[in-house]
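Working notes, structure below.
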2 protein chains.
Amino acid sequence: MAPERARRRIPDATVARLPVYLRILTEQGDEGVDNISSERLAELGGVNAAKVRKDLSYLGSYGTRGVGYEVAYLVYQIRRELGLTHDWPVVIVGAGNLGQALAGYGGFGERGFPVAGIVDIDDRKVGSVLSGVRVRHIDELPQIVQTKRVSIGVVATPASAAQDAADRLVRAGVTSILNFAPVVLAVPRAIEVRKVDLAVELQILSYHEQRRAGGAIHAVGATRPASA
Amino acid sequence: MAPERARRRIPDATVARLPVYLRILTEQGDEGVDNISSERLAELGGVNAAKVRKDLSYLGSYGTRGVGYEVAYLVYQIRRELGLTHDWPVVIVGAGNLGQALAGYGGFGERGFPVAGIVDIDDRKVGSVLSGVRVRHIDELPQIVQTKRVSIGVVATPASAAQDAADRLVRAGVTSILNFAPVVLAVPRAIEVRKVDLAVELQILSYHEQRRAGGAIHAVGATRPASA
DNA sequence: GCTGCTTTGTGAACGTGTGCACGAGTGCCT
DNA sequence: AGGCACTCGTGCACACGTTCACAAAGCAGC
């Protein structure tokens with residue numbers, strides 16, 4: 001009975017967890033589970049049950065006390081909130097190792113993000129076909145973005161080419177960027193950028209490994225150059 | 001004058017940013033920059049200057065007021081804190097698209113994480129060579145981990161095989177896992193796990209795109225199944 | 001040496017995220 | 001119909017992270 005629901009802002013931390021809930025719920029639905037409690041969902045998602053309830057409460061009160069949440073309906077609501085009611089074609093810039101893997105990784109298309117095109121600046125790579133998608137020249141980027149209505153771009157270039165790739169994506173009309181290059185991209189305020197840096201993840205693990213090993217034992221011989 | 005510095009715990013948020021500072025500082029050092037201010041470092045890293053100073057203060061007071069930070073010394077300190085004073089060999093489980101890309105992506109080795117081995121459960125993939133690394137059978141995992149002293153494992157399998165891959169890694173003696181599969185891994189408490197889920201990143205971007213587009217206009221026709 | 005400019009290091013205020021605890025609603029069983 | 005067991009939704013307190021603002025400290029020029 002609330003047709004004009006106020007458009008509350010959902011906390012970033014919650015937005016980051018919704019895709020996880022969505023995946024779990026979809027799996028459970030496929031296995032024939034109709035109803036699920038916050039406790040069970042929390043267990044499967046590796047989080048706290050109260051957190052699950054709070055997260056879901058941002059979508060509205062879609063649970064039933066004493067029972068739980070109806071899986072199918074919750075899936076629908078999360079998909080709607082995340083904007084997954086339709087596909088979002090993506091364009092990949094950079095046909096190197098990573099670009100090829102991303103194009104070949106079927107998971108994108110299945111999850112609603114079909115690869116609308118992959119481009120590279122290197123003429124030698126242009127024309128080759130990667131798992132059904134032909135590599136085109138980066139100059140064709142604006143055309144691909146326009147005709148396929150692409151709003152998400154993926155930067156999979158070496159670090160040195162990443163800023164140029166981002167500039168071209170923005171000029172072509174893309175409004176969100178997923179950046180795999182180890183560079184902080186400079187883009188207009190309105191552009192949403194998310195960064196995935198594999199080396200950073202490993203270095204964070206390294207920190208914990210080093211800490212586990214006792215840490216300070218290596219601290220000998222710190223030769224401060226200009227020591228008094 | 002503090003040879004026995006108390007081992008303060010560094011906040012997670014700071015640990016996640018240190019690798020970024022490290023990369024920038026290394027680049028600046030290569031370009032001949034000897035000294036850098038928190039302001040400049042913040043600008044290059046896309047963060048707030050106060051945050052940079054607070055982050056660096058967890059390492060100790062290594063700056064000079066009125067001048068800034070000595071690049072080379074700061075690089076040394078961050079590397080030490082992150083445990084990057086020596087290499088951390090990694091083993092990759094799964095020789096599919098992603099595993100191949102990771103093995104072929106030179107960035108790992110350069111940044112101190114050489115690929116000690118890549119394994120797969122599929123006999124047809126075993127024996128093939130990916131950019132210098134031969135794919136071995138997953139049963140050889142314990143041997144690789146032991147002989148090469150590997151403590152970090154990378155899960156690059158399909159979702160369905162991820163838990164088994166993690167179990168095997170843990171049994172082989174790995175203590176940190178970087179997980180690319182869209183699954184929440186169950187592992188012993190002592191094991192450190194970090195997850196990178198490409199679909200999640202795209203779905204977060206999708207949320208912002210959908211929100212940008214006006215959001216609520218698609219909310220019509222929400223057919224709650226058991227509506228009273 | 002003193003003055004003025006620069007930049008660090010950090011206390012304090014603020015904002016965001018987490019988790020507990022419990023009232024409130026729902027279904028089931030008798 | 002009433003009681004009971006269950007689970008959601010949320011107020012509240014606490015922890016964590018961010019940002020401001022400023023004293024302390026160093027350098028340069030005179």
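Chains: A, B, ... in order of the structure tokens. Residues: from 1 per chain. Ligands: from 1, in order shown.
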
Quick one: everything within 12 Å of DC30 in chain D, counting only C-alpha atoms (C1' of nucleotides), minus sequence neighbours fewer than 4 positions away in the same chain. Send it as a PyMOL selection string. chain C and resi 1-4

For those residues, write C-alpha atoms (C1' of nucleotides) to a file as a compact mmCIF listing (two decimals), in the first residue's frame.
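Result written to out_9.txt:
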# COMPACT_ATOMS: atom_id res chain seq x y z
C1' DG C 1 69.82 33.91 15.74
C1' DC C 2 65.37 35.47 14.40
C1' DT C 3 61.28 35.67 11.32
C1' DG C 4 58.25 33.67 8.29

Extract the full set of strand (DSSP E) residues from range 20-227 of chain B according to DSSP on the backbone, and format it as a CSV table (one decimal) with C-alpha atoms, in the first residue's frame.
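Generated output (states.csv):
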chain,number,residue,atom,x,y,z
B,35,ASN,CA,60.9,14.0,-1.6
B,36,ILE,CA,57.2,14.2,-1.6
B,63,GLY,CA,58.3,12.5,7.6
B,64,THR,CA,60.1,15.8,8.0
B,68,GLY,CA,57.7,16.1,3.3
B,69,TYR,CA,58.6,12.4,3.1
B,70,GLU,CA,61.8,11.0,1.6
B,90,VAL,CA,51.8,-18.2,-5.2
B,91,VAL,CA,50.1,-21.3,-6.6
B,92,ILE,CA,47.1,-21.0,-8.9
B,93,VAL,CA,44.3,-23.6,-8.9
B,115,VAL,CA,53.8,-18.1,-9.9
B,116,ALA,CA,55.3,-21.2,-8.3
B,117,GLY,CA,52.8,-23.5,-10.1
B,118,ILE,CA,49.4,-23.8,-11.7
B,119,VAL,CA,47.3,-26.9,-11.2
B,120,ASP,CA,44.1,-28.3,-12.6
B,129,VAL,CA,52.5,-24.9,-20.9
B,130,LEU,CA,51.2,-21.4,-20.1
B,133,VAL,CA,54.6,-22.5,-16.4
B,134,ARG,CA,53.6,-26.1,-17.0
B,135,VAL,CA,50.1,-27.1,-15.8
B,136,ARG,CA,50.3,-29.9,-13.3
B,137,HIS,CA,47.7,-32.2,-11.8
B,152,ILE,CA,49.4,-18.0,-0.8
B,153,GLY,CA,46.9,-19.8,-3.0
B,154,VAL,CA,44.7,-18.5,-5.8
B,155,VAL,CA,41.4,-20.0,-6.6
B,176,SER,CA,46.1,-17.2,2.6
B,177,ILE,CA,43.7,-17.5,-0.3
B,178,LEU,CA,42.7,-15.1,-3.0
B,179,ASN,CA,39.4,-16.3,-4.3
B,192,GLU,CA,43.0,-15.4,5.5
B,193,VAL,CA,40.7,-15.1,2.5
B,194,ARG,CA,40.2,-12.3,0.1
B,195,LYS,CA,37.5,-12.4,-2.5

Produce a table with one row for each residue of chain A that has an atom at most 6 Å from any atom of chain B, each row naming the nearest atom pair and its distance in Å at one decimal; use only C-alpha atoms; arrange rows by chain and rising residue number; format as CSV.
residue,atom,partner,partner_atom,distance
A:Pro19,CA,B:Val200,CA,5.7
A:Leu82,CA,B:Tyr207,CA,4.3
A:Gly83,CA,B:Gln210,CA,5.0
A:Asn97,CA,B:Ala101,CA,5.1
A:Leu98,CA,B:Ala101,CA,5.6
A:Ala101,CA,B:Asn97,CA,5.1
A:Val200,CA,B:Pro19,CA,5.7
A:Ser206,CA,B:Gly83,CA,5.8
A:Tyr207,CA,B:Leu82,CA,4.2
A:Gln210,CA,B:Gly83,CA,5.0

Any chance you could tabulate, as a Markdown table, the residues of chain B at most 12 Å from chain D with each one's nearest atom pair and distance in Å to one decimal, using only C-alpha atoms (C1' of nucleotides), in chain and rising number order?
| residue | atom | partner | partner_atom | distance |
| --- | --- | --- | --- | --- |
| B:Pro11 | CA | D:DC16 | C1' | 8.7 |
| B:Asp12 | CA | D:DC16 | C1' | 9.7 |
| B:Ala13 | CA | D:DG17 | C1' | 7.6 |
| B:Thr14 | CA | D:DG17 | C1' | 9.5 |
| B:Val47 | CA | D:DT18 | C1' | 10.7 |
| B:Asn48 | CA | D:DT19 | C1' | 8.3 |
| B:Ala49 | CA | D:DT19 | C1' | 9.6 |
| B:Ala50 | CA | D:DT19 | C1' | 7.2 |
| B:Lys51 | CA | D:DT18 | C1' | 7.4 |
| B:Val52 | CA | D:DT18 | C1' | 11.1 |
| B:Arg53 | CA | D:DT19 | C1' | 11.8 |
| B:Lys54 | CA | D:DT18 | C1' | 10.2 |
| B:Asp55 | CA | D:DG17 | C1' | 11.2 |
| B:Gly63 | CA | D:DG26 | C1' | 10.6 |
| B:Thr64 | CA | D:DG26 | C1' | 7.0 |
| B:Arg65 | CA | D:DG26 | C1' | 5.3 |
| B:Gly66 | CA | D:DG26 | C1' | 5.5 |
| B:Val67 | CA | D:DG26 | C1' | 7.5 |
| B:Gly68 | CA | D:DG26 | C1' | 10.2 |

Every residue of range 136-202 of chain B that DSSP places in helix (DSSP H, G or I), as a list in words: Ile138, Asp139, Glu140, Leu141, Pro142, Gln143, Ile144, Val145, Gln146, Thr147, Ala159, Ser160, Ala161, Ala162, Gln163, Asp164, Ala165, Ala166, Asp167, Arg168, Leu169, Val170, Arg171, Ala172, Leu198, Ala199, Val200, Glu201 and Leu202 of chain B

Which residues of chain C come within 8 Å of chain B, and for each one, what is the closest pair of atoms and their distance in Å to one decimal, counting only C-alpha atoms (C1' of nucleotides), sorted by chain and residue number, as a Markdown table?
| residue | atom | partner | partner_atom | distance |
| --- | --- | --- | --- | --- |
| C:DT6 | C1' | B:Gly66 | CA | 4.5 |
| C:DT7 | C1' | B:Gly66 | CA | 4.0 |
| C:DT8 | C1' | B:Arg65 | CA | 4.4 |
| C:DG9 | C1' | B:Ser57 | CA | 7.1 |

Store the residues picked out above, limited to N, CA and C atoms (P, O5', C5', C4', C3', O3' and C1' of nucleotides), as a compact mmCIF listing (two decimals), in the first residue's frame.
# COMPACT_ATOMS: atom_id res chain seq x y z
P DT C 6 54.48 29.25 1.96
O5' DT C 6 54.89 27.78 2.38
C5' DT C 6 56.20 27.29 2.09
C4' DT C 6 56.42 25.98 2.79
C3' DT C 6 55.26 24.99 2.61
O3' DT C 6 55.79 23.81 2.03
C1' DT C 6 55.93 25.13 4.89
P DT C 7 54.82 22.69 1.42
O5' DT C 7 54.75 21.65 2.61
C5' DT C 7 55.95 21.04 3.04
C4' DT C 7 55.66 20.24 4.28
C3' DT C 7 54.40 19.37 4.19
O3' DT C 7 54.73 18.05 4.62
C1' DT C 7 54.40 20.62 6.17
P DT C 8 53.66 16.86 4.59
O5' DT C 8 53.94 16.24 6.03
C5' DT C 8 55.29 15.97 6.40
C4' DT C 8 55.41 15.99 7.90
C3' DT C 8 54.63 14.87 8.60
O3' DT C 8 55.50 14.22 9.52
C1' DT C 8 54.00 16.99 9.49
P DG C 9 55.15 12.76 10.05
O5' DG C 9 54.25 13.06 11.32
C5' DG C 9 54.88 13.58 12.48
C4' DG C 9 53.83 13.82 13.55
C3' DG C 9 52.93 12.62 13.86
O3' DG C 9 52.80 12.56 15.28
C1' DG C 9 51.60 14.49 13.30
